[in-house]
Every structure is written in C-alpha cells, then in structure tokens.
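The next block holds one structure in the form of structure tokens; read it before the comments.
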Amino acid sequence: MTKKIHTITCAAQVEKLGEIAEFVEECAECFGLDVKRAFGMQVAVEEAFVNICSYAYPEGGGDATMTASAEEDCLVLEITDKGIPFNVLLLPDPDTSKDIAEREIGGLGGYFIRRLTDNVSYRRENEENILKLVLHRTGGS
Amino acid sequence: MNIQTTKESTAMVVTVVGRLDAVTAPEYEQKFIALISEGESRFIVDFEKLDYISSAGLRVLLATAKRVKGKSGAIVLANIGGTVKEVFDISGFGSIFPMYESVATALTAVEK
C-alpha cells in the first residue's frame, strides 16, 4: 500500500535548503524514522538538491519537487526536476583513503547519497529527472 | 550557524554552532580566510554544538585545512560525536583530520 504523506515544490536555489531541510525533518518525524537515519536522509537530500541546483539547472530558474510516501516499512522520497538530464549516481566515488594534501575538494555528494540511503535509483521520465531515495524505518532490517 | 572564536596561547579555538551545510559553508570559509589573514595558523575547531554537516561543510573544512597547511599551520577537530561522526567516518575525513575528545586534550596535543 502506498500512501502519499507529503509534497513540496520550491525554486532550485541553494538558499532554499532551509525549506527542504524542514520538509525532510517533518517527513522523517511523521514516518517515525530513527534519528540516525533521519540525519542520513537530510544529508542525502541536501546533496541531491544542491546537485540539481548546479547541474540540472546550470543557468538557474527551475523548480524541484519532493514527494514523500510511506511504503510498508520504508520512507520513499522522490526528488523531481525538469532540468537537463543529470544522474548524480553516475558521478565517480572520491578516493576516501587519501591524506589531506592529496585529497581532492568535492566529489562526496553522490557518494553520500548512495551510502546514507538503503536504496537509491535514478530515472528520466517525461523530460524529468527523478531520483528515488528509500530508507527503512530502523537500522538492520 | 554561529561561529565563536577564543584565542588561546597556542591555538585559536573556533566553536561552530548549528548547521554546516551548502548555505552556511561559505560563511565558515570566509571566517577562516579572515582569521588566517590576521596571522592565525593553528586552529582547534570545536564541533560539540554542530548539529549537522554535509559534503559542502566537509569541502570547506578541507579547503581551509589546505590553506593553513601552506602556512605550516594546522586544523584539528574536537568533540565530534553523534550523527555528525558518521559523515566523517564514511567520507574518510575521520582519518585525515586529527580528532580529539575535548578542546582541552586538543590544546595539550597542539602544544607539543
């Protein structure tokens, strides 16, 4: 059974992150996501949103929509934009073993999205980028 | 986010309160650039009251660390715990930054 629990649309501008964070917090609370997972979802959503701002709309001007739903024991969050095709999951992983001098600045966003969710997938549909994040309510399930 | 600084004899203690995200990270970087231009090069960043950090936060942490390294300085971190720690662990930042359990132990370490 799928039940829509929440949706938000806002301009894809980094300054809107506060609104997004509040939305995710409400969804996580409403769903009963445990604290650690709620934090992971916050980070994953920020990374996805910031990437939409930079890559899907390189010249600005578009919107992003988030729809949260509960699917059995999972919180599912879909982030949709109408920008140019962009799959954040195809970005290469950073080398997390390098030291301070060698470590490159950046490249962690896509990696965090993958690591901090239980499942993530990208699809291009009706000229929209759709990133689907799935988190189980509690760990170890 | 709010940043407070306390000058100790061997290092500048920078206390970060709130969220270090894509919106607030530039402010963090500007603060460090200002402190470095004032001649500071040894920092203890106290994250006890840091509620949240994302890759944008880690990015400025690394950028400022590279900046002070060029001036033979150092940035060490104190009081990283809770949910914030996971971000440090999975990113590998937990092993590239010296981390201490308290500002006091960090101060003792930088004195050496």
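In the structure tokens, each chain is lettered A, B, ... as it comes, each chain's residues begin at 1, and ligands are numbered from 1 in order of appearance.
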Contact residues (chain A, partner chain B, 12 Å, only C-alpha atoms) as a ChimeraX atom specification: /A:13-21,34-51,53-54,93-116
Expected answer as a count of residues only: alpha helix (DSSP H) residues in chain B: 51
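Within 8 Å of stretch 66-68 of chain A there are Lys4, Ile5, His6, Thr7, Ile8, Thr9, Cys27, Leu75, Val76, Leu77, Glu78, Ile79 and Thr80 of chain A, counting only C-alpha atoms and ignoring same-chain residues fewer than 4 positions away.
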Just write the chosen residues, N, CA and C atoms, as a PDB file, in the first residue's frame.
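Result file follows (out_20.pdb):
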```
ATOM      1  N   LYS A   4       0.484   8.689   0.112  1.00  0.00           N
ATOM      2  CA  LYS A   4       1.240   9.927  -0.019  1.00  0.00           C
ATOM      3  C   LYS A   4       1.195  10.662   1.308  1.00  0.00           C
ATOM      4  N   ILE A   5       2.336  11.044   1.815  1.00  0.00           N
ATOM      5  CA  ILE A   5       2.287  11.743   3.096  1.00  0.00           C
ATOM      6  C   ILE A   5       2.670  13.215   3.010  1.00  0.00           C
ATOM      7  N   HIS A   6       3.369  13.604   1.957  1.00  0.00           N
ATOM      8  CA  HIS A   6       3.827  14.982   1.964  1.00  0.00           C
ATOM      9  C   HIS A   6       4.426  15.358   0.615  1.00  0.00           C
ATOM     10  N   THR A   7       4.283  16.621   0.206  1.00  0.00           N
ATOM     11  CA  THR A   7       4.966  17.059  -1.003  1.00  0.00           C
ATOM     12  C   THR A   7       5.317  18.540  -0.914  1.00  0.00           C
ATOM     13  N   ILE A   8       6.396  18.919  -1.573  1.00  0.00           N
ATOM     14  CA  ILE A   8       6.832  20.318  -1.561  1.00  0.00           C
ATOM     15  C   ILE A   8       7.468  20.638  -2.916  1.00  0.00           C
ATOM     16  N   THR A   9       7.208  21.844  -3.406  1.00  0.00           N
ATOM     17  CA  THR A   9       7.890  22.317  -4.610  1.00  0.00           C
ATOM     18  C   THR A   9       8.535  23.652  -4.281  1.00  0.00           C
ATOM     19  N   CYS A  27       8.823  14.998   7.445  1.00  0.00           N
ATOM     20  CA  CYS A  27       8.515  13.671   6.891  1.00  0.00           C
ATOM     21  C   CYS A  27       9.101  12.571   7.767  1.00  0.00           C
ATOM     22  N   LEU A  75      10.477   4.675   4.090  1.00  0.00           N
ATOM     23  CA  LEU A  75      10.141   6.030   3.699  1.00  0.00           C
ATOM     24  C   LEU A  75      10.752   6.235   2.310  1.00  0.00           C
ATOM     25  N   VAL A  76       9.901   6.612   1.356  1.00  0.00           N
ATOM     26  CA  VAL A  76      10.365   6.799  -0.020  1.00  0.00           C
ATOM     27  C   VAL A  76      10.249   8.273  -0.366  1.00  0.00           C
ATOM     28  N   LEU A  77      11.348   8.840  -0.825  1.00  0.00           N
ATOM     29  CA  LEU A  77      11.351  10.248  -1.184  1.00  0.00           C
ATOM     30  C   LEU A  77      11.788  10.374  -2.635  1.00  0.00           C
ATOM     31  N   GLU A  78      10.908  10.968  -3.442  1.00  0.00           N
ATOM     32  CA  GLU A  78      11.280  11.182  -4.839  1.00  0.00           C
ATOM     33  C   GLU A  78      11.535  12.660  -5.066  1.00  0.00           C
ATOM     34  N   ILE A  79      12.678  12.936  -5.666  1.00  0.00           N
ATOM     35  CA  ILE A  79      13.062  14.319  -5.950  1.00  0.00           C
ATOM     36  C   ILE A  79      13.044  14.483  -7.461  1.00  0.00           C
ATOM     37  N   THR A  80      12.210  15.406  -7.924  1.00  0.00           N
ATOM     38  CA  THR A  80      11.983  15.561  -9.356  1.00  0.00           C
ATOM     39  C   THR A  80      12.348  16.966  -9.819  1.00  0.00           C
TER      40      THR A  80
END
```
Pick out each residue of chain B that DSSP on the backbone tags as strand (DSSP E); I need them as an mmCIF file with N, CA and C atoms, in the first residue's frame.
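result_20.cif was written with the following content:
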```
data_model
loop_
_atom_site.group_PDB
_atom_site.id
_atom_site.type_symbol
_atom_site.label_atom_id
_atom_site.label_comp_id
_atom_site.auth_asym_id
_atom_site.auth_seq_id
_atom_site.Cartn_x
_atom_site.Cartn_y
_atom_site.Cartn_z
ATOM 1 N N ASN B 2 26.432 29.606 13.772
ATOM 2 C CA ASN B 2 27.064 30.678 14.515
ATOM 3 C C ASN B 2 28.503 30.247 14.800
ATOM 4 N N ILE B 3 29.440 31.180 14.656
ATOM 5 C CA ILE B 3 30.842 30.842 14.898
ATOM 6 C C ILE B 3 31.408 31.767 15.976
ATOM 7 N N GLN B 4 31.986 31.148 17.007
ATOM 8 C CA GLN B 4 32.639 31.945 18.048
ATOM 9 C C GLN B 4 34.109 31.584 18.086
ATOM 10 N N THR B 5 34.958 32.564 18.386
ATOM 11 C CA THR B 5 36.389 32.275 18.454
ATOM 12 C C THR B 5 36.936 32.668 19.818
ATOM 13 N N THR B 6 37.856 31.859 20.310
ATOM 14 C CA THR B 6 38.547 32.139 21.565
ATOM 15 C C THR B 6 40.032 31.965 21.339
ATOM 16 N N LYS B 7 40.781 33.001 21.632
ATOM 17 C CA LYS B 7 42.231 32.929 21.415
ATOM 18 C C LYS B 7 42.894 32.302 22.630
ATOM 19 N N MET B 12 43.926 29.016 18.065
ATOM 20 C CA MET B 12 42.641 29.707 18.060
ATOM 21 C C MET B 12 41.552 28.638 18.126
ATOM 22 N N VAL B 13 40.686 28.753 19.126
ATOM 23 C CA VAL B 13 39.588 27.785 19.236
ATOM 24 C C VAL B 13 38.365 28.370 18.525
ATOM 25 N N VAL B 14 37.885 27.622 17.540
ATOM 26 C CA VAL B 14 36.732 28.077 16.758
ATOM 27 C C VAL B 14 35.547 27.164 17.070
ATOM 28 N N THR B 15 34.519 27.726 17.665
ATOM 29 C CA THR B 15 33.351 26.939 18.038
ATOM 30 C C THR B 15 32.240 27.153 17.008
ATOM 31 N N VAL B 16 31.797 26.048 16.418
ATOM 32 C CA VAL B 16 30.763 26.134 15.385
ATOM 33 C C VAL B 16 29.452 25.594 15.958
ATOM 34 N N VAL B 17 28.425 26.408 15.904
ATOM 35 C CA VAL B 17 27.128 26.028 16.457
ATOM 36 C C VAL B 17 26.096 25.964 15.327
ATOM 37 N N GLY B 18 25.342 24.856 15.283
ATOM 38 C CA GLY B 18 24.264 24.749 14.298
ATOM 39 C C GLY B 18 24.591 23.872 13.109
ATOM 40 N N ARG B 19 24.267 24.354 11.921
ATOM 41 C CA ARG B 19 24.387 23.548 10.702
ATOM 42 C C ARG B 19 25.502 24.045 9.799
ATOM 43 N N LEU B 20 26.337 23.111 9.351
ATOM 44 C CA LEU B 20 27.361 23.449 8.361
ATOM 45 C C LEU B 20 26.936 22.771 7.051
ATOM 46 N N ARG B 42 47.063 28.109 13.581
ATOM 47 C CA ARG B 42 46.778 26.880 14.340
ATOM 48 C C ARG B 42 45.380 26.987 14.937
ATOM 49 N N PHE B 43 44.554 26.014 14.542
ATOM 50 C CA PHE B 43 43.144 26.088 14.928
ATOM 51 C C PHE B 43 42.656 24.795 15.577
ATOM 52 N N ILE B 44 41.816 24.967 16.568
ATOM 53 C CA ILE B 44 41.054 23.828 17.093
ATOM 54 C C ILE B 44 39.598 24.150 16.782
ATOM 55 N N VAL B 45 38.966 23.304 15.991
ATOM 56 C CA VAL B 45 37.558 23.530 15.665
ATOM 57 C C VAL B 45 36.714 22.668 16.594
ATOM 58 N N ASP B 46 35.920 23.336 17.403
ATOM 59 C CA ASP B 46 35.082 22.632 18.373
ATOM 60 C C ASP B 46 33.701 22.375 17.756
ATOM 61 N N LEU B 50 27.791 21.290 16.899
ATOM 62 C CA LEU B 50 27.454 21.164 15.482
ATOM 63 C C LEU B 50 26.345 20.122 15.345
ATOM 64 N N ASP B 51 25.210 20.542 14.781
ATOM 65 C CA ASP B 51 24.065 19.627 14.664
ATOM 66 C C ASP B 51 24.094 18.825 13.379
ATOM 67 N N TYR B 52 24.772 19.383 12.369
ATOM 68 C CA TYR B 52 24.618 18.808 11.030
ATOM 69 C C TYR B 52 25.789 19.210 10.155
ATOM 70 N N ILE B 53 26.250 18.278 9.317
ATOM 71 C CA ILE B 53 27.277 18.622 8.322
ATOM 72 C C ILE B 53 27.031 17.797 7.059
ATOM 73 N N ALA B 74 47.911 24.245 11.217
ATOM 74 C CA ALA B 74 47.144 23.004 11.311
ATOM 75 C C ALA B 74 45.741 23.282 11.810
ATOM 76 N N ILE B 75 44.832 22.426 11.401
ATOM 77 C CA ILE B 75 43.479 22.461 11.940
ATOM 78 C C ILE B 75 43.212 21.101 12.564
ATOM 79 N N VAL B 76 42.881 21.101 13.835
ATOM 80 C CA VAL B 76 42.481 19.850 14.478
ATOM 81 C C VAL B 76 41.035 20.001 14.940
ATOM 82 N N LEU B 77 40.353 18.879 15.092
ATOM 83 C CA LEU B 77 38.936 18.916 15.428
ATOM 84 C C LEU B 77 38.691 18.352 16.816
ATOM 85 N N ALA B 78 37.702 18.905 17.492
ATOM 86 C CA ALA B 78 37.362 18.404 18.822
ATOM 87 C C ALA B 78 35.868 18.155 18.929
ATOM 88 N N MET B 99 41.549 14.217 15.424
ATOM 89 C CA MET B 99 40.326 14.485 16.178
ATOM 90 C C MET B 99 40.546 14.177 17.654
ATOM 91 N N TYR B 100 40.051 15.050 18.524
ATOM 92 C CA TYR B 100 40.222 14.883 19.957
ATOM 93 C C TYR B 100 38.872 14.901 20.668
#
```
Surrounding residues of A:Ile84 excluding itself and chain neighbours under 2 positions, 9 Å, only C-alpha atoms, as a list in words: Tyr55, Ala56, Tyr57, Pro58, Asp81, Lys82, Phe86, Glu127, Glu128 and Asn129 of chain A
Saved selection, atoms kept: N, CA and C atoms, as an mmCIF file, in the first residue's frame:
```cif
data_model
loop_
_atom_site.group_PDB
_atom_site.id
_atom_site.type_symbol
_atom_site.label_atom_id
_atom_site.label_comp_id
_atom_site.auth_asym_id
_atom_site.auth_seq_id
_atom_site.Cartn_x
_atom_site.Cartn_y
_atom_site.Cartn_z
ATOM 1 N N TYR A 55 23.638 21.320 -11.556
ATOM 2 C CA TYR A 55 23.786 20.571 -12.810
ATOM 3 C C TYR A 55 22.521 20.473 -13.649
ATOM 4 N N ALA A 56 21.367 20.299 -13.000
ATOM 5 C CA ALA A 56 20.138 20.178 -13.785
ATOM 6 C C ALA A 56 19.738 21.548 -14.328
ATOM 7 N N TYR A 57 20.013 22.573 -13.518
ATOM 8 C CA TYR A 57 19.694 23.943 -13.943
ATOM 9 C C TYR A 57 20.958 24.797 -13.876
ATOM 10 N N PRO A 58 21.903 24.557 -14.777
ATOM 11 C CA PRO A 58 23.160 25.310 -14.687
ATOM 12 C C PRO A 58 22.950 26.814 -14.828
ATOM 13 N N ASP A 81 12.996 17.035 -10.989
ATOM 14 C CA ASP A 81 13.233 18.356 -11.584
ATOM 15 C C ASP A 81 13.040 18.260 -13.088
ATOM 16 N N LYS A 82 12.839 19.409 -13.717
ATOM 17 C CA LYS A 82 12.617 19.447 -15.161
ATOM 18 C C LYS A 82 13.846 19.967 -15.897
ATOM 19 N N PHE A 86 20.389 14.597 -15.881
ATOM 20 C CA PHE A 86 21.549 14.543 -14.994
ATOM 21 C C PHE A 86 21.351 13.444 -13.963
ATOM 22 N N GLU A 127 10.628 13.887 -19.548
ATOM 23 C CA GLU A 127 11.572 15.012 -19.513
ATOM 24 C C GLU A 127 11.843 15.522 -18.106
ATOM 25 N N GLU A 128 11.767 14.597 -17.147
ATOM 26 C CA GLU A 128 12.104 14.962 -15.776
ATOM 27 C C GLU A 128 13.186 14.014 -15.250
ATOM 28 N N ASN A 129 14.034 14.579 -14.388
ATOM 29 C CA ASN A 129 14.969 13.731 -13.639
ATOM 30 C C ASN A 129 14.261 13.326 -12.360
#
```
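Atom pair atom CA of A:Ala64 / atom CA of A:Ile52: separated by 7.8 Å.
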Test item: residues at most 8 Å from B:Thr10, only C-alpha atoms, excluding those fewer than 3 positions along its chain, as JSON, numbers by chain: {"B": [42, 107, 110, 111]}
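Here atom CA of A:Thr117 and atom CA of A:Arg137 stand 11.1 Å from one another.
With only C-alpha atoms as the basis for measurement, B:Thr64 is the residue among B:Pro98, B:Thr64, B:Asn79, B:Thr108 that approaches B:Glu40 most closely.
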